[in-house]
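Chemist: Below is the file entry-v3.tsv, which contains TSV, C-alpha atoms.
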```tsv
chain	number	residue	atom	x	y	z
A	1	PHE	CA	139.58	88.34	112.99
A	2	PHE	CA	137.16	85.46	113.47
A	3	SER	CA	138.07	81.84	114.06
A	4	LYS	CA	136.32	78.56	114.66
A	5	GLU	CA	136.85	79.05	118.39
A	6	THR	CA	135.32	82.52	118.16
A	7	ALA	CA	132.30	81.12	116.33
A	8	LEU	CA	131.73	78.51	119.01
A	9	GLN	CA	132.09	81.11	121.76
A	10	CYS	CA	129.18	83.14	120.34
A	11	PHE	CA	126.77	80.43	121.50
A	12	SER	CA	128.12	80.47	125.05
A	13	LYS	CA	128.28	84.25	125.54
A	14	PRO	CA	125.57	85.93	127.65
A	15	THR	CA	122.54	86.99	125.61
A	16	VAL	CA	123.06	90.71	126.27
A	17	HIS	CA	126.69	90.55	125.12
A	18	TYR	CA	125.63	88.67	122.00
A	19	PHE	CA	122.94	91.19	121.11
A	20	ILE	CA	125.27	94.16	121.53
A	21	ILE	CA	128.21	92.67	119.59
A	22	TRP	CA	127.09	89.75	117.44
A	23	HIS	CA	123.67	90.96	116.39
A	24	ARG	CA	125.39	94.05	115.02
A	25	ASP	CA	127.79	91.90	113.02
A	26	PHE	CA	125.39	89.20	111.78
A	27	ARG	CA	121.93	90.87	111.97
A	28	LEU	CA	120.46	87.80	113.67
A	29	THR	CA	120.02	86.84	117.30
A	30	ARG	CA	121.91	83.90	118.72
A	31	GLN	CA	118.68	81.85	118.71
A	32	SER	CA	118.14	82.55	115.00
A	33	VAL	CA	121.71	81.58	114.12
A	34	ALA	CA	121.42	78.36	116.13
A	35	LEU	CA	118.15	77.48	114.40
A	36	LEU	CA	119.66	78.16	110.98
A	37	ILE	CA	122.60	75.86	111.72
A	38	ARG	CA	120.24	73.10	112.88
A	39	LEU	CA	118.12	73.43	109.76
A	40	ILE	CA	121.02	73.18	107.31
A	41	ARG	CA	123.21	70.84	109.37
A	42	SER	CA	125.55	69.02	107.00
A	43	PRO	CA	128.56	66.77	107.62
A	44	ARG	CA	130.37	68.42	104.70
A	45	ASP	CA	132.47	71.51	105.29
A	46	HIS	CA	135.78	72.93	104.14
A	47	GLY	CA	137.55	72.13	107.38
A	48	TRP	CA	136.48	75.38	109.02
A	49	GLY	CA	133.36	74.03	110.70
A	50	GLN	CA	129.76	74.78	109.74
A	51	GLU	CA	129.30	77.34	112.50
A	52	LEU	CA	132.07	79.51	111.08
A	53	GLU	CA	130.84	79.03	107.53
A	54	VAL	CA	127.34	80.19	108.47
A	55	LEU	CA	128.69	83.20	110.33
A	56	ALA	CA	130.87	84.13	107.35
A	57	PHE	CA	127.82	83.96	105.09
A	58	LEU	CA	125.74	86.12	107.44
A	59	TYR	CA	128.61	88.58	107.89
A	60	SER	CA	128.86	89.08	104.13
A	61	LEU	CA	125.11	89.77	103.93
A	62	ALA	CA	125.10	92.05	106.95
A	63	HIS	CA	127.85	94.33	105.68
A	64	GLY	CA	127.66	94.05	101.89
A	65	LEU	CA	131.42	93.56	101.73
A	66	SER	CA	133.51	92.06	98.95
A	67	LEU	CA	134.65	88.47	99.40
A	68	SER	CA	138.22	89.70	99.80
A	69	VAL	CA	137.30	91.73	102.89
A	70	VAL	CA	135.16	88.95	104.39
A	71	ALA	CA	137.89	86.39	103.72
A	72	CYS	CA	140.41	88.62	105.48
A	73	ALA	CA	138.12	89.08	108.49
A	74	PHE	CA	137.69	85.32	108.87
A	75	GLY	CA	141.27	84.40	108.01
A	76	MET	CA	140.24	82.36	104.96
A	77	PRO	CA	141.65	82.33	101.44
A	78	LYS	CA	139.39	84.24	99.05
A	79	SER	CA	138.79	81.13	96.92
A	80	THR	CA	137.67	79.22	100.01
A	81	MET	CA	135.36	82.03	101.06
A	82	HIS	CA	133.77	81.98	97.61
A	83	ARG	CA	133.06	78.25	97.96
A	84	VAL	CA	131.75	78.74	101.51
A	85	ILE	CA	129.26	81.43	100.43
A	86	GLN	CA	128.06	79.28	97.53
A	87	LYS	CA	127.80	76.21	99.79
A	88	VAL	CA	125.79	77.88	102.56
A	89	ALA	CA	123.45	79.51	100.03
A	90	GLY	CA	122.93	76.12	98.40
A	91	GLU	CA	122.15	74.49	101.73
A	92	ILE	CA	119.60	77.20	102.53
A	93	LYS	CA	117.99	76.81	99.09
A	94	ALA	CA	117.67	73.08	99.71
A	95	LYS	CA	115.57	73.83	102.80
A	96	MET	CA	113.26	76.36	101.14
A	97	GLY	CA	110.36	73.94	101.24
A	98	GLN	CA	110.46	73.95	105.03
A	99	ILE	CA	110.03	77.72	105.17
A	100	PHE	CA	107.98	78.63	102.08
A	101	HIS	CA	104.73	76.73	101.82
A	102	VAL	CA	101.13	77.51	101.11
A	103	VAL	CA	98.79	76.46	103.85
A	104	SER	CA	96.14	74.00	102.72
A	105	ALA	CA	93.61	74.91	105.40
A	106	GLY	CA	92.66	77.85	107.57
A	107	TRP	CA	92.53	80.41	104.77
A	108	ASP	CA	89.92	82.33	106.73
A	109	LYS	CA	92.75	83.18	109.14
A	110	VAL	CA	95.33	84.01	106.49
A	111	GLN	CA	95.30	87.25	104.56
A	112	CYS	CA	97.42	86.53	101.53
A	113	LEU	CA	98.96	89.46	99.69
A	114	ALA	CA	101.03	89.89	96.53
A	115	GLY	CA	103.68	92.49	95.90
A	116	SER	CA	107.04	93.17	94.29
A	117	LEU	CA	110.23	94.90	95.28
A	118	ALA	CA	113.14	96.11	93.17
A	119	LEU	CA	116.50	95.24	94.70
A	120	TRP	CA	119.78	96.91	93.83
A	121	THR	CA	122.30	94.90	91.82
A	122	ASP	CA	125.62	95.60	90.14
A	123	ALA	CA	124.32	94.42	86.76
A	124	THR	CA	125.14	96.70	83.82
A	125	SER	CA	122.75	95.38	81.16
A	126	GLY	CA	120.16	97.90	80.02
A	127	ASP	CA	117.40	95.38	80.73
A	128	TYR	CA	118.12	95.70	84.44
A	129	LEU	CA	117.83	99.50	84.50
A	130	ASN	CA	114.46	100.23	86.09
A	131	TYR	CA	112.27	103.31	85.69
A	132	LYS	CA	113.91	104.87	88.76
A	133	LEU	CA	117.20	104.69	86.85
A	134	PHE	CA	119.15	102.20	88.92
A	135	TYR	CA	120.02	98.59	88.11
A	136	SER	CA	117.86	96.04	89.88
A	137	ILE	CA	116.22	92.65	89.83
A	138	GLN	CA	112.58	91.97	90.61
A	139	LEU	CA	111.33	90.12	93.67
A	140	GLN	CA	107.69	89.04	93.57
A	141	ALA	CA	106.51	87.95	96.99
A	142	VAL	CA	103.31	86.58	98.50
A	143	CYS	CA	102.94	86.80	102.26
A	144	ASP	CA	100.36	86.22	104.94
A	145	ALA	CA	99.02	88.70	107.48
A	146	THR	CA	102.04	88.18	109.79
A	147	GLY	CA	104.56	89.16	107.11
A	148	ARG	CA	105.72	85.58	106.52
A	149	PHE	CA	106.59	84.90	102.90
A	150	LEU	CA	104.52	82.08	101.40
A	151	ASP	CA	106.03	82.26	97.93
A	152	ILE	CA	108.80	84.19	96.18
A	153	PHE	CA	109.80	84.54	92.54
A	154	VAL	CA	113.01	86.46	91.94
A	155	GLY	CA	115.43	87.29	89.15
A	156	TYR	CA	113.58	89.13	86.38
A	157	PRO	CA	115.22	92.39	85.21
A	158	GLY	CA	114.19	95.58	86.96
A	159	SER	CA	112.81	97.06	83.74
A	160	ASP	CA	110.11	94.39	83.47
A	161	TYR	CA	106.56	95.22	84.49
A	162	ASP	CA	105.11	93.55	87.58
A	163	ALA	CA	102.39	92.04	85.40
A	164	LYS	CA	104.98	90.38	83.14
A	165	VAL	CA	106.82	88.91	86.12
A	166	LEU	CA	103.52	87.60	87.49
A	167	ARG	CA	102.52	85.92	84.23
A	168	ASN	CA	105.81	84.06	84.10
A	169	SER	CA	105.74	82.92	87.73
A	170	PRO	CA	104.55	79.46	88.87
A	171	ILE	CA	101.70	80.85	90.98
A	172	TYR	CA	100.16	82.13	87.72
A	173	THR	CA	101.19	79.51	85.17
A	174	GLN	CA	100.26	76.64	87.48
A	175	ALA	CA	97.38	78.45	89.25
A	176	LEU	CA	98.80	77.26	92.56
A	177	TYR	CA	96.70	79.45	94.84
A	178	PRO	CA	94.71	81.05	96.33
A	179	PRO	CA	91.97	78.43	96.60
A	180	SER	CA	88.46	79.02	95.32
A	181	GLY	CA	86.67	81.83	97.13
A	182	PHE	CA	89.84	83.68	98.17
A	183	CYS	CA	92.04	86.23	96.46
A	184	LEU	CA	95.43	87.90	96.55
A	185	LEU	CA	95.62	91.64	97.14
A	186	ALA	CA	98.07	93.47	94.89
A	187	ASP	CA	98.96	97.02	93.92
A	188	GLY	CA	98.01	98.77	90.70
A	189	GLY	CA	100.94	97.33	88.78
A	190	TYR	CA	99.12	94.01	88.57
A	191	PRO	CA	96.02	93.04	86.58
A	192	CYS	CA	92.68	92.63	88.31
A	193	LEU	CA	91.83	88.96	87.73
A	194	GLU	CA	89.44	86.20	88.66
A	195	THR	CA	91.14	83.46	86.63
A	196	PRO	CA	93.58	81.78	86.31
A	197	ILE	CA	94.25	83.15	89.81
A	198	ALA	CA	92.22	85.66	91.78
A	199	ILE	CA	94.04	88.99	92.19
A	200	ILE	CA	92.30	92.15	93.34
A	201	ILE	CA	93.85	95.61	92.94
A	202	PRO	CA	92.67	99.10	94.00
A	203	TYR	CA	90.33	101.20	91.90
A	204	LYS	CA	92.28	103.47	89.59
A	205	MET	CA	92.02	107.25	89.65
A	206	PRO	CA	89.79	109.11	89.25
A	207	LEU	CA	87.63	107.40	91.84
A	208	HIS	CA	83.85	107.35	91.45
A	209	GLY	CA	82.04	107.77	94.74
A	210	ARG	CA	82.56	106.93	98.38
A	211	VAL	CA	82.33	103.18	97.80
A	212	GLN	CA	85.53	103.11	95.74
A	213	GLU	CA	87.23	105.56	98.08
A	214	ARG	CA	86.50	103.47	101.16
A	215	TYR	CA	87.46	100.27	99.38
A	216	ASN	CA	90.85	101.68	98.36
A	217	CYS	CA	91.48	102.76	101.93
A	218	HIS	CA	90.85	99.26	103.27
A	219	HIS	CA	92.81	97.68	100.42
A	220	SER	CA	95.80	99.91	101.12
A	221	ARG	CA	95.81	99.02	104.82
A	222	ALA	CA	95.70	95.30	104.04
A	223	HIS	CA	98.25	95.43	101.23
A	224	SER	CA	100.71	97.37	103.40
A	225	VAL	CA	101.58	94.06	105.10
A	226	VAL	CA	103.56	92.82	102.10
A	227	GLU	CA	105.26	96.20	101.72
A	228	ARG	CA	106.23	96.07	105.38
A	229	ALA	CA	107.54	92.50	105.01
A	230	SER	CA	109.74	93.61	102.13
A	231	GLY	CA	110.85	96.65	104.12
A	232	VAL	CA	111.79	94.50	107.12
A	233	MET	CA	113.93	92.28	104.91
A	234	LYS	CA	115.69	95.31	103.42
A	235	ALA	CA	116.16	96.84	106.88
A	236	ARG	CA	117.83	93.69	108.20
A	237	TRP	CA	120.20	93.48	105.22
A	238	ARG	CA	120.31	97.20	104.51
A	239	ALA	CA	124.06	97.22	103.84
A	240	SER	CA	123.50	94.94	100.84
A	241	PHE	CA	120.05	96.03	99.67
A	242	PHE	CA	119.79	99.69	100.54
A	243	PHE	CA	123.08	101.44	101.12
A	244	LYS	CA	124.86	99.87	98.14
A	245	ALA	CA	124.47	97.45	95.26
A	246	LEU	CA	124.39	93.70	95.82
A	247	GLU	CA	127.96	92.88	94.82
A	248	VAL	CA	127.58	89.33	93.56
A	249	SER	CA	127.35	87.88	90.08
A	250	LEU	CA	124.04	88.41	88.30
A	251	ALA	CA	123.43	84.65	88.17
A	252	PHE	CA	123.96	84.34	91.94
A	253	ALA	CA	121.96	87.41	92.98
A	254	PRO	CA	118.54	85.65	92.96
A	255	ASP	CA	119.94	82.96	95.26
A	256	ILE	CA	121.11	85.58	97.75
A	257	VAL	CA	117.74	87.33	97.71
A	258	ALA	CA	115.95	84.00	98.20
A	259	CYS	CA	118.20	83.26	101.19
A	260	CYS	CA	117.34	86.64	102.72
A	261	ALA	CA	113.62	85.90	102.34
A	262	PHE	CA	114.22	82.50	103.96
A	263	LEU	CA	115.97	84.21	106.87
A	264	ASN	CA	113.05	86.64	107.19
A	265	ASN	CA	110.70	83.72	107.88
A	266	LEU	CA	113.20	82.05	110.19
A	267	CYS	CA	113.48	85.24	112.26
A	268	LEU	CA	109.69	85.42	112.61
A	269	THR	CA	109.83	81.93	114.10
A	270	THR	CA	112.31	83.05	116.77
A	271	ASN	CA	110.68	86.48	117.29
A	272	ASP	CA	113.90	88.10	116.06
A	273	ARG	CA	112.86	91.66	115.18
A	274	VAL	CA	114.64	94.58	113.58
A	275	GLU	CA	113.72	98.25	113.73
A	276	LEU	CA	111.93	99.17	110.53
A	277	GLU	CA	113.05	102.43	108.99
A	278	GLU	CA	110.49	104.29	106.92
A	279	ASN	CA	112.95	104.97	104.13
A	280	VAL	CA	113.34	101.28	103.35
A	281	ILE	CA	109.63	100.61	102.84
A	282	PRO	CA	109.07	100.31	99.11
A	283	ASP	CA	106.71	102.75	97.51
A	284	GLY	CA	103.59	101.40	95.86
A	285	GLU	CA	104.28	101.39	92.15
A	286	VAL	CA	101.60	101.75	89.51
A	287	LEU	CA	103.06	100.79	86.15
A	288	GLY	CA	101.68	100.09	82.74
A	289	GLN	CA	100.34	96.59	82.17
A	290	GLN	CA	101.13	94.16	79.38
A	291	HIS	CA	98.08	92.11	78.52
A	292	PRO	CA	98.28	88.72	76.80
A	293	PRO	CA	95.92	87.73	73.96
A	294	GLY	CA	92.26	87.59	74.92
A	295	GLY	CA	90.67	84.46	76.30
A	296	GLN	CA	93.50	83.57	78.69
A	297	GLU	CA	92.27	85.60	81.65
A	298	THR	CA	89.01	86.60	83.30
A	299	SER	CA	88.70	90.04	84.83
A	300	GLY	CA	88.22	90.30	88.58
A	301	ARG	CA	86.54	93.72	88.50
A	302	HIS	CA	83.08	92.41	89.31
A	303	THR	CA	84.58	90.51	92.26
A	304	ARG	CA	86.14	93.75	93.47
A	305	ASP	CA	82.76	95.50	93.17
A	306	ARG	CA	81.13	92.80	95.29
A	307	MET	CA	83.83	93.28	97.91
A	308	ALA	CA	83.50	97.07	97.91
A	309	ASP	CA	79.76	97.26	98.64
A	310	PRO	CA	79.88	95.53	102.06
A	311	ILE	CA	82.78	97.77	103.12
A	312	MET	CA	80.64	100.85	102.50
A	313	LEU	CA	77.63	99.22	104.18
A	314	ILE	CA	79.70	98.51	107.30
A	315	ARG	CA	80.90	102.12	107.29
A	316	LEU	CA	77.39	103.52	107.09
A	317	THR	CA	76.08	101.17	109.80
A	318	THR	CA	78.93	102.14	112.13
A	319	SER	CA	78.31	105.83	111.51
A	320	ASN	CA	74.63	105.51	112.36
```
Starting from the coordinates I provided, produce the structure as C-alpha cells.
Modeler:
Amino acid sequence: FFSKETALQCFSKPTVHYFIIWHRDFRLTRQSVALLIRLIRSPRDHGWGQELEVLAFLYSLAHGLSLSVVACAFGMPKSTMHRVIQKVAGEIKAKMGQIFHVVSAGWDKVQCLAGSLALWTDATSGDYLNYKLFYSIQLQAVCDATGRFLDIFVGYPGSDYDAKVLRNSPIYTQALYPPSGFCLLADGGYPCLETPIAIIIPYKMPLHGRVQERYNCHHSRAHSVVERASGVMKARWRASFFFKALEVSLAFAPDIVACCAFLNNLCLTTNDRVELEENVIPDGEVLGQQHPPGGQETSGRHTRDRMADPIMLIRLTTSN
C-alpha cells in the first residue's frame, strides 16, 4: 500500500534505490516525477497531497490496471481515485503549451517528421476496428530529430486513413507549419503535398532507377525518428499500450494518450531513457488515400524530385 508519507519518502530515497523500486512502479525517474509535480503544481487536491495524486496517476499508466486495483494499492476510495486521475490528466493538459510548441527559428537544425500510430483501446464500435483487426484510436504526431513531439492530434477511430486524420487536423486546416522552404517527412499513407502544407513521402513501388531507390533509403532513415519516438512512448507505457487495451472510457482515451506524449517530452528534458524493444516500434503503414475535390491541394511530387537528384549526386561523388 502507498500513503502520503510513502510518496514523500520517494524523493528522499537514494537514487539507486529509487531506480530499482520506484522506476519499475512509475516508469519515470525521481527527477522526472519531481519536474512533473513542479510543472502542474496546484493548491487544489483531494486531501491526499499532490505528490500522491501524481504517483497514483503514473502507477495506473505504468501497469494498465483498473481503477479498483489502483485505488486499493493507494488506500483510496474508487470514486476518489477516479477524480484524482481526471484531475491530474486535466492539469497536464493545461500545461501542454509548455511542452508542445513549434519552434519559430532554427529550422535548419530541426528535422520535422510526421507519422501516426494506432493505440489499443477497449472501444467496441466498428469504426474503431482497424485493418489489423483490433480496436484502436489514431495518434498523429510530428516530432523533431531528437524524438521530441512538436504536435499531436489524437482520437480518430482506428479504421480511418492517415490522410483523413491529417486533413482534419489543425496543422493541415490552419497550415500551421512547416514554414516556407521546409517540409514534413511522412510515410506512404499520407499524400505528397506542397500546399497547404509541405509533406514529402517515399516513391511508391515499383521504383524507377537508382535515384528513387537512394532517395527512399534516405527518407526511411530520416522518417524512422518519428517511429522510434512512438515506440519509446509505447515502451515506457507498454502495460497500457502494448500488453493490453487502454481500459478507460473512449472519451477519456485521447486525454491519456496526450498525457503520455507530454511525459515523453518531459523525460527527454531530464534524460530519462527507457530500453526500446523492437516489437513496440510501429510498422510503416501504406494505406489507401482519400483525396478531396480538386483545387484544394498542390502536389509535392516535383519537390520530391528536386530533393532526390542531389542525394544521387552526393552518392556518385562519394563513390568516385
Chemist: Just give me the gap between atom CA of Ala235 of chain A and atom CA of Leu276 of chain A in Å, one decimal is fine.
Modeler: 6.1 Å
Chemist: So which one's closest to Phe262 of chain A, A:Glu91, A:Glu51, A:Asp25, A:Glu247? Using all atoms listed in the file, please.
Modeler: A:Glu91
Chemist: Please determine, counting all atoms listed in the file, which residue among A:Leu133, A:Leu52, A:Leu193, A:Ala145 has the shortest atom-to-atom distance to Ser224 of chain A.
Modeler: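 Answer, going by the shortest atom-to-atom distance: A:Ala145.
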Chemist: For Ser136 of chain A, which residue among A:Leu67, A:Ser159, A:Phe149, A:Glu275 is the nearest when counting all atoms listed in the file?
Modeler: A:Ser159
Chemist: Work out how far apart atom CA of Asn264 of chain A and atom CA of Tyr135 of chain A are and give it in Å to one decimal.
Modeler: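 About the pair atom CA of Asn264 of chain A and atom CA of Tyr135 of chain A: they are 23.6 Å apart.
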Chemist: So which residues touch Arg38 of chain A within 12 Å, counting all atoms listed in the file, skipping near sequence neighbours fewer than 6 positions away, as a compact mmCIF listing (two decimals) with C-alpha atoms, keeping the file's coordinate frame?
Modeler:
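File written: result31.txt
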```
# COMPACT_ATOMS: atom_id res chain seq x y z
CA GLN A 31 118.68 81.85 118.71
CA SER A 32 118.14 82.55 115.00
CA GLN A 50 129.76 74.78 109.74
CA GLU A 51 129.30 77.34 112.50
CA VAL A 54 127.34 80.19 108.47
CA GLU A 91 122.15 74.49 101.73
CA ILE A 92 119.60 77.20 102.53
CA LYS A 95 115.57 73.83 102.80
CA LEU A 266 113.20 82.05 110.19
```
Chemist: Have a look at atom CA of Tyr156 of chain A and atom CA of Cys143 of chain A and let me know their distance in Å, one decimal.
Modeler: 19.3 Å
